[in-house]
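Novice: The following file, input-v1.pdb, comprises PDB, C-alpha atoms (C1' of nucleotides):
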```
MODEL        1
ATOM      1  CA  MET F   1     135.018 116.184 125.668  1.00  0.00           C
ATOM      2  CA  LYS F   2     135.387 115.684 121.961  1.00  0.00           C
ATOM      3  CA  LYS F   3     133.408 115.604 118.771  1.00  0.00           C
ATOM      4  CA  LEU F   4     132.238 112.215 117.610  1.00  0.00           C
ATOM      5  CA  ASN F   5     133.937 110.705 114.567  1.00  0.00           C
ATOM      6  CA  PRO F   6     132.006 109.984 111.361  1.00  0.00           C
ATOM      7  CA  GLU F   7     132.867 106.324 112.016  1.00  0.00           C
ATOM      8  CA  PHE F   8     130.698 106.551 115.105  1.00  0.00           C
ATOM      9  CA  TYR F   9     127.611 106.660 112.892  1.00  0.00           C
ATOM     10  CA  ALA F  10     128.746 103.959 110.473  1.00  0.00           C
ATOM     11  CA  ARG F  11     127.290 101.224 112.681  1.00  0.00           C
ATOM     12  CA  ASP F  12     123.898  99.678 113.234  1.00  0.00           C
ATOM     13  CA  ALA F  13     121.231 102.248 114.144  1.00  0.00           C
ATOM     14  CA  GLU F  14     120.409 100.382 117.329  1.00  0.00           C
ATOM     15  CA  GLU F  15     123.999 100.605 118.576  1.00  0.00           C
ATOM     16  CA  VAL F  16     124.316 104.269 117.666  1.00  0.00           C
ATOM     17  CA  ALA F  17     120.974 105.048 119.308  1.00  0.00           C
ATOM     18  CA  LYS F  18     122.186 103.542 122.586  1.00  0.00           C
ATOM     19  CA  ASP F  19     125.619 105.189 122.410  1.00  0.00           C
ATOM     20  CA  LEU F  20     124.126 108.626 121.756  1.00  0.00           C
ATOM     21  CA  LEU F  21     122.306 108.565 125.084  1.00  0.00           C
ATOM     22  CA  GLY F  22     124.046 110.734 127.678  1.00  0.00           C
ATOM     23  CA  ASN F  23     125.970 112.724 125.082  1.00  0.00           C
ATOM     24  CA  TYR F  24     125.415 116.430 124.503  1.00  0.00           C
ATOM     25  CA  LEU F  25     123.841 118.084 121.483  1.00  0.00           C
ATOM     26  CA  VAL F  26     125.173 121.606 121.042  1.00  0.00           C
ATOM     27  CA  ARG F  27     124.140 124.374 118.679  1.00  0.00           C
ATOM     28  CA  GLU F  28     125.430 127.909 118.462  1.00  0.00           C
ATOM     29  CA  ILE F  29     123.053 130.658 117.398  1.00  0.00           C
ATOM     30  CA  ASN F  30     124.400 134.202 117.083  1.00  0.00           C
ATOM     31  CA  GLY F  31     127.142 133.504 119.599  1.00  0.00           C
ATOM     32  CA  LYS F  32     124.736 131.922 122.079  1.00  0.00           C
ATOM     33  CA  ILE F  33     125.104 128.285 123.054  1.00  0.00           C
ATOM     34  CA  LEU F  34     122.201 125.854 123.150  1.00  0.00           C
ATOM     35  CA  LYS F  35     123.102 122.616 124.856  1.00  0.00           C
ATOM     36  CA  GLY F  36     121.093 119.573 125.826  1.00  0.00           C
ATOM     37  CA  LYS F  37     121.801 116.051 127.006  1.00  0.00           C
ATOM     38  CA  ILE F  38     120.373 113.308 124.805  1.00  0.00           C
ATOM     39  CA  VAL F  39     118.079 111.208 127.010  1.00  0.00           C
ATOM     40  CA  GLU F  40     115.852 109.437 124.465  1.00  0.00           C
ATOM     41  CA  THR F  41     116.400 108.030 120.957  1.00  0.00           C
ATOM     42  CA  GLU F  42     114.780 105.656 118.465  1.00  0.00           C
ATOM     43  CA  ALA F  43     116.272 103.529 115.674  1.00  0.00           C
ATOM     44  CA  TYR F  44     114.759 103.385 112.185  1.00  0.00           C
ATOM     45  CA  TYR F  45     115.622 101.219 109.209  1.00  0.00           C
ATOM     46  CA  GLY F  46     114.964 101.159 105.480  1.00  0.00           C
ATOM     47  CA  TYR F  47     113.047  98.580 103.479  1.00  0.00           C
ATOM     48  CA  LYS F  48     112.488  96.255 106.421  1.00  0.00           C
ATOM     49  CA  ASP F  49     110.906  98.894 108.652  1.00  0.00           C
ATOM     50  CA  PRO F  50     107.253  99.731 107.860  1.00  0.00           C
ATOM     51  CA  ALA F  51     107.380 102.713 110.217  1.00  0.00           C
ATOM     52  CA  SER F  52     110.260 104.259 108.314  1.00  0.00           C
ATOM     53  CA  ARG F  53     109.987 106.952 105.677  1.00  0.00           C
ATOM     54  CA  ALA F  54     112.439 104.913 103.616  1.00  0.00           C
ATOM     55  CA  TYR F  55     110.232 101.799 103.655  1.00  0.00           C
ATOM     56  CA  LYS F  56     109.031 102.361 100.106  1.00  0.00           C
ATOM     57  CA  GLY F  57     112.486 103.111  98.781  1.00  0.00           C
ATOM     58  CA  LYS F  58     114.166 106.350  97.879  1.00  0.00           C
ATOM     59  CA  THR F  59     111.728 109.201  97.396  1.00  0.00           C
ATOM     60  CA  ASN F  60     112.035 112.949  97.700  1.00  0.00           C
ATOM     61  CA  LEU F  61     110.737 112.586 101.215  1.00  0.00           C
ATOM     62  CA  SER F  62     113.345 110.135 102.422  1.00  0.00           C
ATOM     63  CA  GLU F  63     116.226 111.131 100.200  1.00  0.00           C
ATOM     64  CA  GLY F  64     118.425 112.354 103.052  1.00  0.00           C
ATOM     65  CA  MET F  65     118.100 109.034 104.823  1.00  0.00           C
ATOM     66  CA  TRP F  66     119.920 107.268 101.986  1.00  0.00           C
ATOM     67  CA  SER F  67     123.074 109.340 102.233  1.00  0.00           C
ATOM     68  CA  LYS F  68     126.294 109.046 104.228  1.00  0.00           C
ATOM     69  CA  PRO F  69     126.427 108.125 107.933  1.00  0.00           C
ATOM     70  CA  GLY F  70     126.564 111.232 110.126  1.00  0.00           C
ATOM     71  CA  THR F  71     124.297 113.201 107.782  1.00  0.00           C
ATOM     72  CA  ILE F  72     121.506 115.133 109.412  1.00  0.00           C
ATOM     73  CA  PHE F  73     118.083 114.053 108.182  1.00  0.00           C
ATOM     74  CA  ILE F  74     115.146 116.281 108.937  1.00  0.00           C
ATOM     75  CA  TYR F  75     111.583 115.269 108.392  1.00  0.00           C
ATOM     76  CA  ASN F  76     108.265 117.009 108.971  1.00  0.00           C
ATOM     77  CA  VAL F  77     105.265 115.350 110.514  1.00  0.00           C
ATOM     78  CA  HIS F  78     102.185 116.988 112.041  1.00  0.00           C
ATOM     79  CA  ASN F  79     103.817 120.351 111.585  1.00  0.00           C
ATOM     80  CA  HIS F  80     106.859 119.362 113.620  1.00  0.00           C
ATOM     81  CA  TRP F  81     110.441 118.767 112.507  1.00  0.00           C
ATOM     82  CA  MET F  82     112.190 115.535 113.495  1.00  0.00           C
ATOM     83  CA  LEU F  83     115.951 115.486 113.983  1.00  0.00           C
ATOM     84  CA  ASN F  84     117.753 112.329 112.824  1.00  0.00           C
ATOM     85  CA  PHE F  85     121.311 111.201 112.216  1.00  0.00           C
ATOM     86  CA  VAL F  86     121.917 108.786 109.362  1.00  0.00           C
ATOM     87  CA  THR F  87     123.716 105.638 110.514  1.00  0.00           C
ATOM     88  CA  GLY F  88     124.992 102.379 109.038  1.00  0.00           C
ATOM     89  CA  LYS F  89     126.402 102.294 105.535  1.00  0.00           C
ATOM     90  CA  GLU F  90     125.659 104.801 102.822  1.00  0.00           C
ATOM     91  CA  ASN F  91     122.503 103.874 100.879  1.00  0.00           C
ATOM     92  CA  GLU F  92     121.280 101.628 103.687  1.00  0.00           C
ATOM     93  CA  ALA F  93     118.726 104.174 104.953  1.00  0.00           C
ATOM     94  CA  GLN F  94     119.249 103.690 108.660  1.00  0.00           C
ATOM     95  CA  ALA F  95     118.707 106.581 111.034  1.00  0.00           C
ATOM     96  CA  VAL F  96     118.502 107.486 114.703  1.00  0.00           C
ATOM     97  CA  LEU F  97     115.776 109.872 115.808  1.00  0.00           C
ATOM     98  CA  ILE F  98     116.568 112.186 118.707  1.00  0.00           C
ATOM     99  CA  ARG F  99     113.397 112.133 120.800  1.00  0.00           C
ATOM    100  CA  ALA F 100     114.246 114.077 123.945  1.00  0.00           C
ATOM    101  CA  LEU F 101     116.912 116.272 125.518  1.00  0.00           C
ATOM    102  CA  GLU F 102     117.610 117.475 129.021  1.00  0.00           C
ATOM    103  CA  PRO F 103     118.196 121.264 128.752  1.00  0.00           C
ATOM    104  CA  ILE F 104     121.699 122.160 129.989  1.00  0.00           C
ATOM    105  CA  GLU F 105     122.677 125.533 128.556  1.00  0.00           C
ATOM    106  CA  GLY F 106     120.864 128.366 126.788  1.00  0.00           C
ATOM    107  CA  VAL F 107     117.644 127.604 128.635  1.00  0.00           C
ATOM    108  CA  ASP F 108     116.350 131.163 128.308  1.00  0.00           C
ATOM    109  CA  LEU F 109     116.689 131.009 124.527  1.00  0.00           C
ATOM    110  CA  MET F 110     114.924 127.636 124.452  1.00  0.00           C
ATOM    111  CA  LYS F 111     112.066 129.067 126.491  1.00  0.00           C
ATOM    112  CA  GLN F 112     111.821 131.911 124.008  1.00  0.00           C
ATOM    113  CA  TYR F 113     111.659 129.629 120.966  1.00  0.00           C
ATOM    114  CA  ARG F 114     109.228 127.264 122.679  1.00  0.00           C
ATOM    115  CA  CYS F 115     107.040 129.977 124.237  1.00  0.00           C
ATOM    116  CA  LYS F 116     106.988 127.802 127.355  1.00  0.00           C
ATOM    117  CA  ASP F 117     108.441 128.347 130.797  1.00  0.00           C
ATOM    118  CA  LYS F 118     108.529 124.893 132.318  1.00  0.00           C
ATOM    119  CA  LEU F 119     111.953 123.281 132.013  1.00  0.00           C
ATOM    120  CA  LYS F 120     110.440 119.838 131.597  1.00  0.00           C
ATOM    121  CA  ASP F 121     108.361 120.965 128.603  1.00  0.00           C
ATOM    122  CA  LEU F 122     111.230 122.459 126.605  1.00  0.00           C
ATOM    123  CA  CYS F 123     112.773 119.392 124.919  1.00  0.00           C
ATOM    124  CA  SER F 124     110.782 116.368 126.132  1.00  0.00           C
ATOM    125  CA  GLY F 125     109.651 115.273 122.671  1.00  0.00           C
ATOM    126  CA  PRO F 126     111.014 115.090 119.113  1.00  0.00           C
ATOM    127  CA  GLY F 127     109.020 118.080 117.877  1.00  0.00           C
ATOM    128  CA  LYS F 128     109.685 120.086 121.013  1.00  0.00           C
ATOM    129  CA  LEU F 129     113.447 119.889 120.910  1.00  0.00           C
ATOM    130  CA  THR F 130     113.641 121.004 117.275  1.00  0.00           C
ATOM    131  CA  ARG F 131     111.609 124.097 118.121  1.00  0.00           C
ATOM    132  CA  ALA F 132     113.751 124.784 121.195  1.00  0.00           C
ATOM    133  CA  PHE F 133     116.898 124.513 119.041  1.00  0.00           C
ATOM    134  CA  LYS F 134     115.336 126.471 116.147  1.00  0.00           C
ATOM    135  CA  ILE F 135     115.869 123.612 113.723  1.00  0.00           C
ATOM    136  CA  THR F 136     113.988 123.869 110.421  1.00  0.00           C
ATOM    137  CA  LYS F 137     114.570 122.449 106.982  1.00  0.00           C
ATOM    138  CA  GLU F 138     115.436 125.870 105.622  1.00  0.00           C
ATOM    139  CA  GLU F 139     118.520 126.293 107.771  1.00  0.00           C
ATOM    140  CA  PHE F 140     119.397 122.662 108.379  1.00  0.00           C
ATOM    141  CA  HIS F 141     120.483 120.114 105.819  1.00  0.00           C
ATOM    142  CA  GLY F 142     123.767 118.581 104.808  1.00  0.00           C
ATOM    143  CA  ASN F 143     126.486 116.894 106.785  1.00  0.00           C
ATOM    144  CA  LEU F 144     126.847 117.058 110.537  1.00  0.00           C
ATOM    145  CA  ALA F 145     130.546 117.918 110.403  1.00  0.00           C
ATOM    146  CA  ASN F 146     129.957 121.068 108.356  1.00  0.00           C
ATOM    147  CA  LEU F 147     127.288 122.602 110.554  1.00  0.00           C
ATOM    148  CA  ASP F 148     127.141 124.471 113.811  1.00  0.00           C
ATOM    149  CA  LEU F 149     125.442 121.452 115.358  1.00  0.00           C
ATOM    150  CA  VAL F 150     127.802 119.094 117.167  1.00  0.00           C
ATOM    151  CA  ILE F 151     127.717 116.145 119.505  1.00  0.00           C
ATOM    152  CA  ILE F 152     129.958 116.200 122.555  1.00  0.00           C
ATOM    153  CA  ARG F 153     130.840 112.920 124.162  1.00  0.00           C
ATOM    154  CA  SER F 154     130.163 112.357 127.840  1.00  0.00           C
ATOM    155  CA  LYS F 155     131.641 109.808 130.202  1.00  0.00           C
ATOM    156  CA  GLU F 156     128.393 109.464 132.062  1.00  0.00           C
ATOM    157  CA  ILE F 157     127.465 105.965 133.134  1.00  0.00           C
ATOM    158  CA  LYS F 158     124.162 105.240 131.497  1.00  0.00           C
ATOM    159  CA  ASN F 159     121.335 103.099 132.757  1.00  0.00           C
ATOM    160  CA  ILE F 160     119.516 102.334 129.521  1.00  0.00           C
ATOM    161  CA  GLU F 161     115.900 101.243 129.314  1.00  0.00           C
ATOM    162  CA  THR F 162     114.154 100.080 126.126  1.00  0.00           C
ATOM    163  CA  SER F 163     110.566 100.036 124.880  1.00  0.00           C
ATOM    164  CA  HIS F 164     108.495  99.916 121.714  1.00  0.00           C
ATOM    165  CA  ARG F 165     108.667 103.034 119.572  1.00  0.00           C
ATOM    166  CA  ILE F 166     106.170 105.791 120.191  1.00  0.00           C
ATOM    167  CA  GLY F 167     103.524 107.080 117.811  1.00  0.00           C
ATOM    168  CA  VAL F 168     104.285 104.730 114.927  1.00  0.00           C
ATOM    169  CA  THR F 169     101.392 102.989 113.245  1.00  0.00           C
ATOM    170  CA  ARG F 170     103.272  99.829 112.303  1.00  0.00           C
ATOM    171  CA  ASP F 171     106.113  99.063 114.696  1.00  0.00           C
ATOM    172  CA  LEU F 172     108.573  96.186 114.500  1.00  0.00           C
ATOM    173  CA  PRO F 173     108.410  93.479 117.202  1.00  0.00           C
ATOM    174  CA  LYS F 174     111.825  94.570 118.440  1.00  0.00           C
ATOM    175  CA  HIS F 175     112.335  97.291 121.034  1.00  0.00           C
ATOM    176  CA  LEU F 176     113.890 100.182 119.144  1.00  0.00           C
ATOM    177  CA  ARG F 177     113.317 103.036 121.581  1.00  0.00           C
ATOM    178  CA  PHE F 178     116.069 103.750 124.088  1.00  0.00           C
ATOM    179  CA  PHE F 179     116.074 106.152 127.000  1.00  0.00           C
ATOM    180  CA  ILE F 180     117.935 106.889 130.206  1.00  0.00           C
ATOM    181  CA  LYS F 181     116.232 105.266 133.142  1.00  0.00           C
ATOM    182  CA  ASN F 182     114.532 107.570 135.645  1.00  0.00           C
ATOM    183  CA  ASN F 183     115.333 110.693 133.661  1.00  0.00           C
ATOM    184  CA  GLU F 184     112.445 113.138 134.011  1.00  0.00           C
ATOM    185  CA  PHE F 185     113.062 114.767 130.623  1.00  0.00           C
ATOM    186  CA  VAL F 186     112.131 111.660 128.638  1.00  0.00           C
ATOM    187  CA  SER F 187     108.901 112.112 126.633  1.00  0.00           C
ATOM    188  CA  LYS F 188     105.687 110.380 127.624  1.00  0.00           C
TER     189      LYS F 188
ATOM    190  C1'  DC P 189      93.630 121.809  92.288  1.00  0.00           C
ATOM    191  C1'  DA P 190      91.689 118.287  96.019  1.00  0.00           C
ATOM    192  C1'  DT P 191      92.433 115.143  99.258  1.00  0.00           C
ATOM    193  C1'  DA P 192      94.994 112.019 102.428  1.00  0.00           C
ATOM    194  C1'  DT P 193      98.584 111.101 105.640  1.00  0.00           C
ATOM    195  C1'  DG P 194     101.320 111.298 109.818  1.00  0.00           C
ATOM    196  C1'  DA P 195     108.347 109.133 113.609  1.00  0.00           C
ATOM    197  C1'  DT P 196     103.198 115.219 117.312  1.00  0.00           C
ATOM    198  C1'  DG P 197     101.732 118.217 121.013  1.00  0.00           C
ATOM    199  C1'  DG P 198      98.598 119.998 123.890  1.00  0.00           C
ATOM    200  C1'  DA P 199      94.270 120.125 126.063  1.00  0.00           C
ATOM    201  C1'  DC P 200      91.089 117.580 128.336  1.00  0.00           C
ATOM    202  C1'  DT P 201      88.584 113.295 131.208  1.00  0.00           C
TER     203       DT P 201
ATOM    204  C1'  DG E 202      94.270 107.349 128.854  1.00  0.00           C
ATOM    205  C1'  DT E 203      91.334 110.098 124.520  1.00  0.00           C
ATOM    206  C1'  DC E 204      90.480 113.691 121.071  1.00  0.00           C
ATOM    207  C1'  DC E 205      91.789 116.849 117.529  1.00  0.00           C
ATOM    208  C1'  DA E 206      94.147 121.189 115.398  1.00  0.00           C
ATOM    209  C1'  DT E 207      97.673 121.794 112.338  1.00  0.00           C
ATOM    210  C1'  DC E 208     100.530 121.902 107.904  1.00  0.00           C
ATOM    211  C1'  DA E 209     104.488 120.168 105.060  1.00  0.00           C
ATOM    212  C1'  DT E 210     104.457 116.649 101.774  1.00  0.00           C
ATOM    213  C1'  DA E 211     102.693 113.065  98.522  1.00  0.00           C
ATOM    214  C1'  DT E 212      99.617 111.616  95.207  1.00  0.00           C
ATOM    215  C1'  DG E 213      95.756 111.601  91.893  1.00  0.00           C
ATOM    216  C1'  DG E 214      92.624 114.033  88.524  1.00  0.00           C
TER     217       DG E 214
ENDMDL
END
```
Please render this file's structure as structure tokens.
Specialist:
Amino acid sequence: MKKLNPEFYARDAEEVAKDLLGNYLVREINGKILKGKIVETEAYYGYKDPASRAYKGKTNLSEGMWSKPGTIFIYNVHNHWMLNFVTGKENEAQAVLIRALEPIEGVDLMKQYRCKDKLKDLCSGPGKLTRAFKITKEEFHGNLANLDLVIIRSKEIKNIETSHRIGVTRDLPKHLRFFIKNNEFVSK
DNA sequence: CATATGATGGACT
DNA sequence: GTCCATCATATGG
């Protein structure tokens, strides 16, 4: 078990998205641990990706996406916050979106933040997991290494499945969504 | 200030 | 599967 290096993120978003699967996302809030296994991710790019916020270049909206690999990028859509990690080279505007987690630790706290009781409903979607982990723009920006949000590596053998991305209006022909096969916490 | 736009979620058929 | 409430942002007058 160890924290991922910044170099981990300085690769193509697709590679990072696949490697993040099976690892653990951990946040500490007031001495309580929130922990979830990453079971679903999506890769996003800059100018060449019409579904990306960075498609039209650097704006206030996508500013975080153009910074250093390993930076947390948070974005609001439909009143939900999306959690991303910047990948690739600085100023390349690549990112990996965390789409779903399997709740591991701190489940009671997640239920409280989500106002839901069913385990499967806690983190099975990009907007759900940010609410369960109490992630908002106010308390979350800056670099991954400096925050109380960490990734813990797992040795789990992953069976990775791919598909088109979900919810985007203009997707790329390539499959850029990755998830762990047969995991019931993947979003629908 | 007014209006449009979602990388959604939840309720419903 | 379909429909739509919701609101942080962007953009135009």
Novice: Take the PyMOL selection byres ((chain F) within 9 of (chain E)), apply it to the structure above, and return the hits as an MDAnalysis selection string.
Specialist: chainID F and resid 61 76:80
Novice: Specify as an NGL selection string all residues of chain F found within 12 Å of chain P, counting all atoms listed in the file.
Specialist: :F and (41-45 or 49-54 or 74-84 or 95-99 or 114 or 116 or 121-131 or 165-171 or 176-177 or 187-188)
Novice: Between CA of Glu139 (chain F) and CA of Glu28 (chain F), what is the distance, to one decimal in Å?
Specialist: 12.8 Å
Novice: Leaving out Gly22 (chain F) and any residue of its chain fewer than 6 positions from it, which residues lie within 9 Å of it when counting all atoms listed in the file, given as number ranges by chain?
Specialist: F: 37-40, 153-158, 180
Novice: Would you compute the distance between CA of Phe140 (chain F) and CA of Ala93 (chain F)? Give it in Å to one decimal.
Specialist: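 Distance reported for this atom pair: 18.8 Å.
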Novice: Please indicate the distance in Å from CA of Val107 (chain F) to CA of Leu34 (chain F), rounded to one decimal place.
Specialist: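 The value is 7.3 Å.
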Novice: Listed atoms of chain E, axis-aligned box, 4 Å per side: centre and edge lengths to one decimal in Å, as AutoDock Vina command-line options?
Specialist:
```
--center_x 97.5 --center_y 114.6 --center_z 108.7 --size_x 22.0 --size_y 22.6 --size_z 48.3
```
Novice: Residues proximal to (129.9, 125.2, 124.2) were defined as those with any atom within 10 Å of that point in the file's coordinates, counting all atoms listed in the file. Which are they, as a list of chain:residue names?
Specialist: F:Tyr24, F:Leu25, F:Val26, F:Arg27, F:Glu28, F:Gly31, F:Lys32, F:Ile33, F:Leu34, F:Lys35, F:Glu105, F:Gly106, F:Val150, F:Ile152
Novice: Which residues, named as in the file, does the PyMOL selection byres ((chain F and resi 88) around 8) pick out? Answer as a PyMOL selection string.
Specialist: chain F and resi 9-13+69+86-87+89-90+92-95
Novice: Could you write chain E of the block just shown to a file containing C-alpha atoms (C1' of nucleotides), as a CSV table (one decimal), in the first residue's frame?
Specialist:
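To be explicit, this is the file written out as out.csv:
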```
chain,number,residue,atom,x,y,z
E,202,DG,C1',-35.6,2.8,-21.8
E,203,DT,C1',-37.8,8.2,-21.2
E,204,DC,C1',-38.7,12.6,-18.8
E,205,DC,C1',-37.4,16.6,-16.2
E,206,DA,C1',-35.9,19.3,-11.8
E,207,DT,C1',-32.0,21.6,-10.6
E,208,DC,C1',-28.1,25.3,-10.4
E,209,DA,C1',-23.2,26.6,-11.2
E,210,DT,C1',-21.3,28.7,-15.0
E,211,DA,C1',-20.9,31.1,-19.6
E,212,DT,C1',-22.4,34.5,-22.7
E,213,DG,C1',-25.0,38.4,-24.7
E,214,DG,C1',-27.6,42.8,-24.2
```
